[in-house]
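In what follows, a structure is listed as structure tokens, so that the remarks can point back to it.
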Amino acid sequence: EMVMWMVKSEKILIQGLSKTGSGNFMGFAVGGPFMHNHTLVVYNSTLTGDETGKLKIMLDGREILNQWDEKGNADFEDPFLLWAARRTEWDVSMHDHDVLGIKPAIDWAVGPWPKRFQQEPKGGLYYFKLPNEVEITLSGVDYMSAVFKMAPQQGQSGYCGNFNGVAEDEFEPPAPGSVPPVLVPAWNRAVGEGLEQVSDADNLFKLASPELALSAALVQQASALGVGRREDPMMAS
């Protein structure tokens, strides 16, 4: 796995976890001063050997939203820190309608963007409301699809961009002939600051989830032994 900075700023830290080789988005972690040094971690359970592929939600290493009612719904609240909910289908009174209006560069095999959130995804629908008006909408379709909504931050960097209003300094197109033409609109290469891999010392996944830390250690051990090693692995976000 590769852990990258999605948002790197003085107050708000968001990290993403990507599968090397396939580039699948497998999880994210949120922390920093705005969270009063608490950490929210969300990941696909296949990372720890659970092939059901359900989404696991951890707050400071403790699983939440794992007790569902007969409809598959659950709610969690920690006053002044987090309000979170799991639903099996889109709730117009709760979810942000603007999410459905996002226009992806291309339509992937999992279907058009709105349907990722509206067709009862197998992993459920999650909504997180955090301090500083940070909101996250998450769909358990495929591995996961997530939308982060927040105000621009001073000195912000990372794969979500610097929010300076200039799209041209966020990415550059792929090298000619490097990907099939149909993928070119969605295969931009990020440029700018905060694109380095997250160090172990700053890795919120390992700091907040012992289960993920163990999984990462096993992956590293297998790699050292040459188990499952691939030639020229592709790092993708």
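Identifiers in the structure tokens: chain A, B, ... in order shown; residue index from 1 per chain; ligand index from 1 in order shown.
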- request: Write out as a list in words the residues lying within 8 Å of Lys103 of chain A, counting only C-alpha atoms and excluding same-chain residues fewer than 2 positions away.
  value: Gly101, Ala105 and Trp113 of chain A
task: Give the strand (DSSP E or B) residues of segment 19-195 of chain A, as DSSP finds them on the backbone, and put them as a PyMOL selection string.
output: chain A and resi 25-31+40-44+55-59+62-64+74-78+82-87+108+111+125-130+134-139+145-149+157+171-172+189-190
message: Just checking: using only C-alpha atoms, which residue out of A:Pro173, A:Gly194, A:Gly161, A:Pro131 ends up closest to Asp78 of chain A?
response: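 Selected residue with least distance to Asp78 of chain A: A:Pro131.
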message: For Phe128 of chain A, find every residue with an atom within 9 Å (counting only C-alpha atoms), except residues of its own chain fewer than 5 positions away, and show them as an NGL selection string.
response: :A and (82-85 or 134-138)
Spatial neighbours of segment 39-53 of chain A, max dist 6 Å, only C-alpha atoms, sep filter under 2 positions, as a PyMOL selection string: chain A and resi 26-31+55-60+215
For all heavy atoms, I'd like the residues from the last selection saved as an mmCIF file, in the first residue's frame.
```cif
data_model
loop_
_atom_site.group_PDB
_atom_site.id
_atom_site.type_symbol
_atom_site.label_atom_id
_atom_site.label_comp_id
_atom_site.auth_asym_id
_atom_site.auth_seq_id
_atom_site.Cartn_x
_atom_site.Cartn_y
_atom_site.Cartn_z
ATOM 1 N N MET A 26 -8.390 2.719 -1.181
ATOM 2 C CA MET A 26 -8.763 1.739 -0.172
ATOM 3 C C MET A 26 -9.093 2.337 1.194
ATOM 4 O O MET A 26 -9.643 1.646 2.050
ATOM 5 C CB MET A 26 -7.624 0.725 0.000
ATOM 6 C CG MET A 26 -7.245 -0.009 -1.260
ATOM 7 S SD MET A 26 -8.574 -1.059 -1.905
ATOM 8 C CE MET A 26 -8.630 -2.345 -0.664
ATOM 9 N N GLY A 27 -8.750 3.593 1.424
ATOM 10 C CA GLY A 27 -9.058 4.153 2.732
ATOM 11 C C GLY A 27 -8.575 5.581 2.864
ATOM 12 O O GLY A 27 -7.835 6.099 2.026
ATOM 13 N N PHE A 28 -9.026 6.237 3.933
ATOM 14 C CA PHE A 28 -8.542 7.577 4.245
ATOM 15 C C PHE A 28 -8.504 7.761 5.763
ATOM 16 O O PHE A 28 -9.185 7.037 6.512
ATOM 17 C CB PHE A 28 -9.398 8.667 3.582
ATOM 18 C CG PHE A 28 -10.832 8.717 4.041
ATOM 19 C CD1 PHE A 28 -11.202 9.417 5.183
ATOM 20 C CD2 PHE A 28 -11.821 8.079 3.306
ATOM 21 C CE1 PHE A 28 -12.523 9.468 5.595
ATOM 22 C CE2 PHE A 28 -13.146 8.130 3.710
ATOM 23 C CZ PHE A 28 -13.499 8.820 4.852
ATOM 24 N N ALA A 29 -7.677 8.698 6.182
ATOM 25 C CA ALA A 29 -7.535 9.014 7.606
ATOM 26 C C ALA A 29 -7.548 10.522 7.775
ATOM 27 O O ALA A 29 -6.958 11.251 6.977
ATOM 28 C CB ALA A 29 -6.228 8.430 8.157
ATOM 29 N N VAL A 30 -8.233 10.997 8.812
ATOM 30 C CA VAL A 30 -8.389 12.425 9.066
ATOM 31 C C VAL A 30 -7.905 12.735 10.478
ATOM 32 O O VAL A 30 -8.277 12.057 11.435
ATOM 33 C CB VAL A 30 -9.867 12.859 8.924
ATOM 34 C CG1 VAL A 30 -9.989 14.369 9.074
ATOM 35 C CG2 VAL A 30 -10.438 12.406 7.596
ATOM 36 N N GLY A 31 -7.055 13.750 10.577
ATOM 37 C CA GLY A 31 -6.553 14.134 11.896
ATOM 38 C C GLY A 31 -6.031 15.559 11.874
ATOM 39 O O GLY A 31 -6.322 16.332 10.966
ATOM 40 N N LEU A 55 -16.779 -1.702 4.748
ATOM 41 C CA LEU A 55 -16.015 -0.548 5.199
ATOM 42 C C LEU A 55 -15.945 -0.543 6.725
ATOM 43 O O LEU A 55 -16.962 -0.749 7.402
ATOM 44 C CB LEU A 55 -16.659 0.748 4.701
ATOM 45 C CG LEU A 55 -16.783 0.881 3.181
ATOM 46 C CD1 LEU A 55 -17.382 2.231 2.811
ATOM 47 C CD2 LEU A 55 -15.434 0.711 2.508
ATOM 48 N N LYS A 56 -14.758 -0.313 7.247
ATOM 49 C CA LYS A 56 -14.566 -0.242 8.693
ATOM 50 C C LYS A 56 -14.278 1.208 9.064
ATOM 51 O O LYS A 56 -13.449 1.873 8.438
ATOM 52 C CB LYS A 56 -13.437 -1.151 9.144
ATOM 53 C CG LYS A 56 -13.681 -2.626 8.843
ATOM 54 C CD LYS A 56 -12.758 -3.541 9.632
ATOM 55 C CE LYS A 56 -13.142 -3.591 11.098
ATOM 56 N NZ LYS A 56 -12.387 -4.633 11.839
ATOM 57 N N ILE A 57 -14.954 1.686 10.094
ATOM 58 C CA ILE A 57 -14.839 3.068 10.544
ATOM 59 C C ILE A 57 -14.249 3.054 11.946
ATOM 60 O O ILE A 57 -14.828 2.455 12.862
ATOM 61 C CB ILE A 57 -16.207 3.780 10.576
ATOM 62 C CG1 ILE A 57 -17.075 3.380 9.369
ATOM 63 C CG2 ILE A 57 -16.021 5.269 10.689
ATOM 64 C CD1 ILE A 57 -16.534 3.773 8.035
ATOM 65 N N MET A 58 -13.096 3.708 12.123
ATOM 66 C CA MET A 58 -12.402 3.700 13.406
ATOM 67 C C MET A 58 -12.205 5.130 13.906
ATOM 68 O O MET A 58 -11.753 5.998 13.156
ATOM 69 C CB MET A 58 -11.035 3.023 13.268
ATOM 70 C CG MET A 58 -11.032 1.685 12.535
ATOM 71 S SD MET A 58 -11.815 0.348 13.458
ATOM 72 C CE MET A 58 -10.606 0.108 14.773
ATOM 73 N N LEU A 59 -12.536 5.361 15.150
ATOM 74 C CA LEU A 59 -12.263 6.634 15.802
ATOM 75 C C LEU A 59 -11.311 6.362 16.952
ATOM 76 O O LEU A 59 -11.665 5.679 17.918
ATOM 77 C CB LEU A 59 -13.547 7.291 16.310
ATOM 78 C CG LEU A 59 -13.376 8.649 16.995
ATOM 79 C CD1 LEU A 59 -12.834 9.691 16.014
ATOM 80 C CD2 LEU A 59 -14.693 9.122 17.592
ATOM 81 N N ASP A 60 -10.086 6.864 16.824
ATOM 82 C CA ASP A 60 -9.046 6.621 17.833
ATOM 83 C C ASP A 60 -8.869 5.131 18.117
ATOM 84 O O ASP A 60 -8.693 4.704 19.263
ATOM 85 C CB ASP A 60 -9.369 7.362 19.134
ATOM 86 C CG ASP A 60 -9.375 8.870 18.955
ATOM 87 O OD1 ASP A 60 -8.655 9.364 18.066
ATOM 88 O OD2 ASP A 60 -10.098 9.560 19.693
ATOM 89 N N SER A 215 -1.265 -5.244 9.556
ATOM 90 C CA SER A 215 -1.409 -5.604 8.148
ATOM 91 C C SER A 215 -0.262 -5.054 7.330
ATOM 92 O O SER A 215 0.306 -5.750 6.488
ATOM 93 C CB SER A 215 -2.745 -5.066 7.607
ATOM 94 O OG SER A 215 -2.852 -5.296 6.229
#
```
- prompt: When you draw a straight line from atom CA of Lys54 of chain A to atom CA of Gly123 of chain A, how long is it in Å?
  reply: 5.3 Å
Within segment 37-146 of chain A, find each residue whose DSSP state, derived from the backbone, is alpha helix (DSSP H), and express the selection as a PDB file with all heavy atoms, in the first residue's frame.
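Result written to part_18.pdb:
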```
ATOM      1  N   TRP A 113     -21.263   8.516 -12.124  1.00  0.00           N
ATOM      2  CA  TRP A 113     -20.975   9.032 -10.786  1.00  0.00           C
ATOM      3  C   TRP A 113     -22.200   9.054  -9.871  1.00  0.00           C
ATOM      4  O   TRP A 113     -22.129   8.526  -8.746  1.00  0.00           O
ATOM      5  CB  TRP A 113     -20.350  10.418 -10.899  1.00  0.00           C
ATOM      6  CG  TRP A 113     -20.026  11.035  -9.582  1.00  0.00           C
ATOM      7  CD1 TRP A 113     -20.767  11.960  -8.908  1.00  0.00           C
ATOM      8  CD2 TRP A 113     -18.901  10.746  -8.757  1.00  0.00           C
ATOM      9  NE1 TRP A 113     -20.167  12.280  -7.718  1.00  0.00           N
ATOM     10  CE2 TRP A 113     -19.016  11.547  -7.596  1.00  0.00           C
ATOM     11  CE3 TRP A 113     -17.797   9.896  -8.882  1.00  0.00           C
ATOM     12  CZ2 TRP A 113     -18.079  11.526  -6.568  1.00  0.00           C
ATOM     13  CZ3 TRP A 113     -16.858   9.869  -7.860  1.00  0.00           C
ATOM     14  CH2 TRP A 113     -17.009  10.676  -6.719  1.00  0.00           C
ATOM     15  N   PRO A 114     -23.343   9.638 -10.243  1.00  0.00           N
ATOM     16  CA  PRO A 114     -24.477   9.690  -9.303  1.00  0.00           C
ATOM     17  C   PRO A 114     -24.924   8.314  -8.828  1.00  0.00           C
ATOM     18  O   PRO A 114     -25.322   8.138  -7.669  1.00  0.00           O
ATOM     19  CB  PRO A 114     -25.576  10.396 -10.108  1.00  0.00           C
ATOM     20  CG  PRO A 114     -24.858  11.177 -11.142  1.00  0.00           C
ATOM     21  CD  PRO A 114     -23.667  10.334 -11.510  1.00  0.00           C
ATOM     22  N   LYS A 115     -24.850   7.313  -9.723  1.00  0.00           N
ATOM     23  CA  LYS A 115     -25.330   5.986  -9.357  1.00  0.00           C
ATOM     24  C   LYS A 115     -24.434   5.316  -8.316  1.00  0.00           C
ATOM     25  O   LYS A 115     -24.857   4.372  -7.645  1.00  0.00           O
ATOM     26  CB  LYS A 115     -25.460   5.115 -10.602  1.00  0.00           C
ATOM     27  CG  LYS A 115     -26.577   5.567 -11.537  1.00  0.00           C
ATOM     28  CD  LYS A 115     -26.753   4.619 -12.710  1.00  0.00           C
ATOM     29  CE  LYS A 115     -27.903   5.070 -13.605  1.00  0.00           C
ATOM     30  NZ  LYS A 115     -28.087   4.160 -14.763  1.00  0.00           N
ATOM     31  N   ARG A 116     -23.208   5.789  -8.198  1.00  0.00           N
ATOM     32  CA  ARG A 116     -22.342   5.231  -7.152  1.00  0.00           C
ATOM     33  C   ARG A 116     -22.941   5.484  -5.766  1.00  0.00           C
ATOM     34  O   ARG A 116     -22.684   4.741  -4.826  1.00  0.00           O
ATOM     35  CB  ARG A 116     -20.957   5.858  -7.218  1.00  0.00           C
ATOM     36  CG  ARG A 116     -20.191   5.610  -8.495  1.00  0.00           C
ATOM     37  CD  ARG A 116     -18.774   6.088  -8.370  1.00  0.00           C
ATOM     38  NE  ARG A 116     -18.079   6.115  -9.651  1.00  0.00           N
ATOM     39  CZ  ARG A 116     -16.783   6.290  -9.800  1.00  0.00           C
ATOM     40  NH1 ARG A 116     -16.019   6.460  -8.728  1.00  0.00           N
ATOM     41  NH2 ARG A 116     -16.235   6.313 -10.992  1.00  0.00           N
ATOM     42  N   PHE A 117     -23.716   6.558  -5.663  1.00  0.00           N
ATOM     43  CA  PHE A 117     -24.276   6.948  -4.375  1.00  0.00           C
ATOM     44  C   PHE A 117     -25.769   6.643  -4.257  1.00  0.00           C
ATOM     45  O   PHE A 117     -26.306   6.623  -3.154  1.00  0.00           O
ATOM     46  CB  PHE A 117     -24.059   8.450  -4.151  1.00  0.00           C
ATOM     47  CG  PHE A 117     -22.618   8.846  -4.062  1.00  0.00           C
ATOM     48  CD1 PHE A 117     -21.883   9.114  -5.207  1.00  0.00           C
ATOM     49  CD2 PHE A 117     -21.977   8.928  -2.844  1.00  0.00           C
ATOM     50  CE1 PHE A 117     -20.546   9.471  -5.130  1.00  0.00           C
ATOM     51  CE2 PHE A 117     -20.643   9.282  -2.751  1.00  0.00           C
ATOM     52  CZ  PHE A 117     -19.917   9.546  -3.897  1.00  0.00           C
ATOM     53  N   GLN A 118     -26.452   6.394  -5.374  1.00  0.00           N
ATOM     54  CA  GLN A 118     -27.901   6.277  -5.350  1.00  0.00           C
ATOM     55  C   GLN A 118     -28.438   4.864  -5.509  1.00  0.00           C
ATOM     56  O   GLN A 118     -29.633   4.652  -5.337  1.00  0.00           O
ATOM     57  CB  GLN A 118     -28.495   7.148  -6.463  1.00  0.00           C
ATOM     58  CG  GLN A 118     -28.332   8.647  -6.231  1.00  0.00           C
ATOM     59  CD  GLN A 118     -28.951   9.453  -7.355  1.00  0.00           C
ATOM     60  OE1 GLN A 118     -28.674   9.232  -8.524  1.00  0.00           O
ATOM     61  NE2 GLN A 118     -29.803  10.402  -6.998  1.00  0.00           N
TER      62      GLN A 118
END
```
- request: Rounded to one decimal place, report the atom CA of Tyr143 of chain A-atom CA of Asn37 of chain A distance in Å.
  value: 27.5 Å
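The closest residue to Pro33 of chain A, picked from A:Ser9, A:Ser157, A:Gln197, A:Ser93 and counting only C-alpha atoms, is A:Ser9.
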- prompt: For Tyr159 of chain A, which residue among A:Asn188, A:Ser178, A:Ser199, A:Thr88 is the nearest when counting only C-alpha atoms?
  reply: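 Distance minimum relative to Tyr159 of chain A lands on A:Asn188.
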So that I can see what lies close to Trp5 of chain A, please list as an mmCIF file with C-alpha atoms, in the first residue's frame the residues with an atom at most 7 Å from it, counting only C-alpha atoms and leaving out residues fewer than 5 positions away in the same chain.
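File produced: around.cif:
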```cif
data_model
loop_
_atom_site.group_PDB
_atom_site.id
_atom_site.type_symbol
_atom_site.label_atom_id
_atom_site.label_comp_id
_atom_site.auth_asym_id
_atom_site.auth_seq_id
_atom_site.Cartn_x
_atom_site.Cartn_y
_atom_site.Cartn_z
ATOM 1 C CA ILE A 14 -6.225 14.033 5.393
ATOM 2 C CA GLN A 15 -4.338 10.999 4.105
ATOM 3 C CA GLY A 16 -5.388 8.499 1.444
ATOM 4 C CA GLY A 158 -1.457 17.458 -1.353
ATOM 5 C CA TYR A 159 -3.315 15.500 -4.033
ATOM 6 C CA GLY A 194 2.766 17.671 -0.608
ATOM 7 C CA LEU A 195 2.858 14.781 -3.076
ATOM 8 C CA VAL A 198 3.630 9.917 4.035
#
```
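Atom pair atom CA of Asn162 of chain A / atom CA of Val141 of chain A: separated by 27.9 Å.
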message: I want to know what sits within 9 Å of Leu207 of chain A, based on only C-alpha atoms, with residues of the same chain fewer than 5 positions away left out; could you give that as a PyMOL selection string?
response: chain A and resi 39+60-61+200-202+213
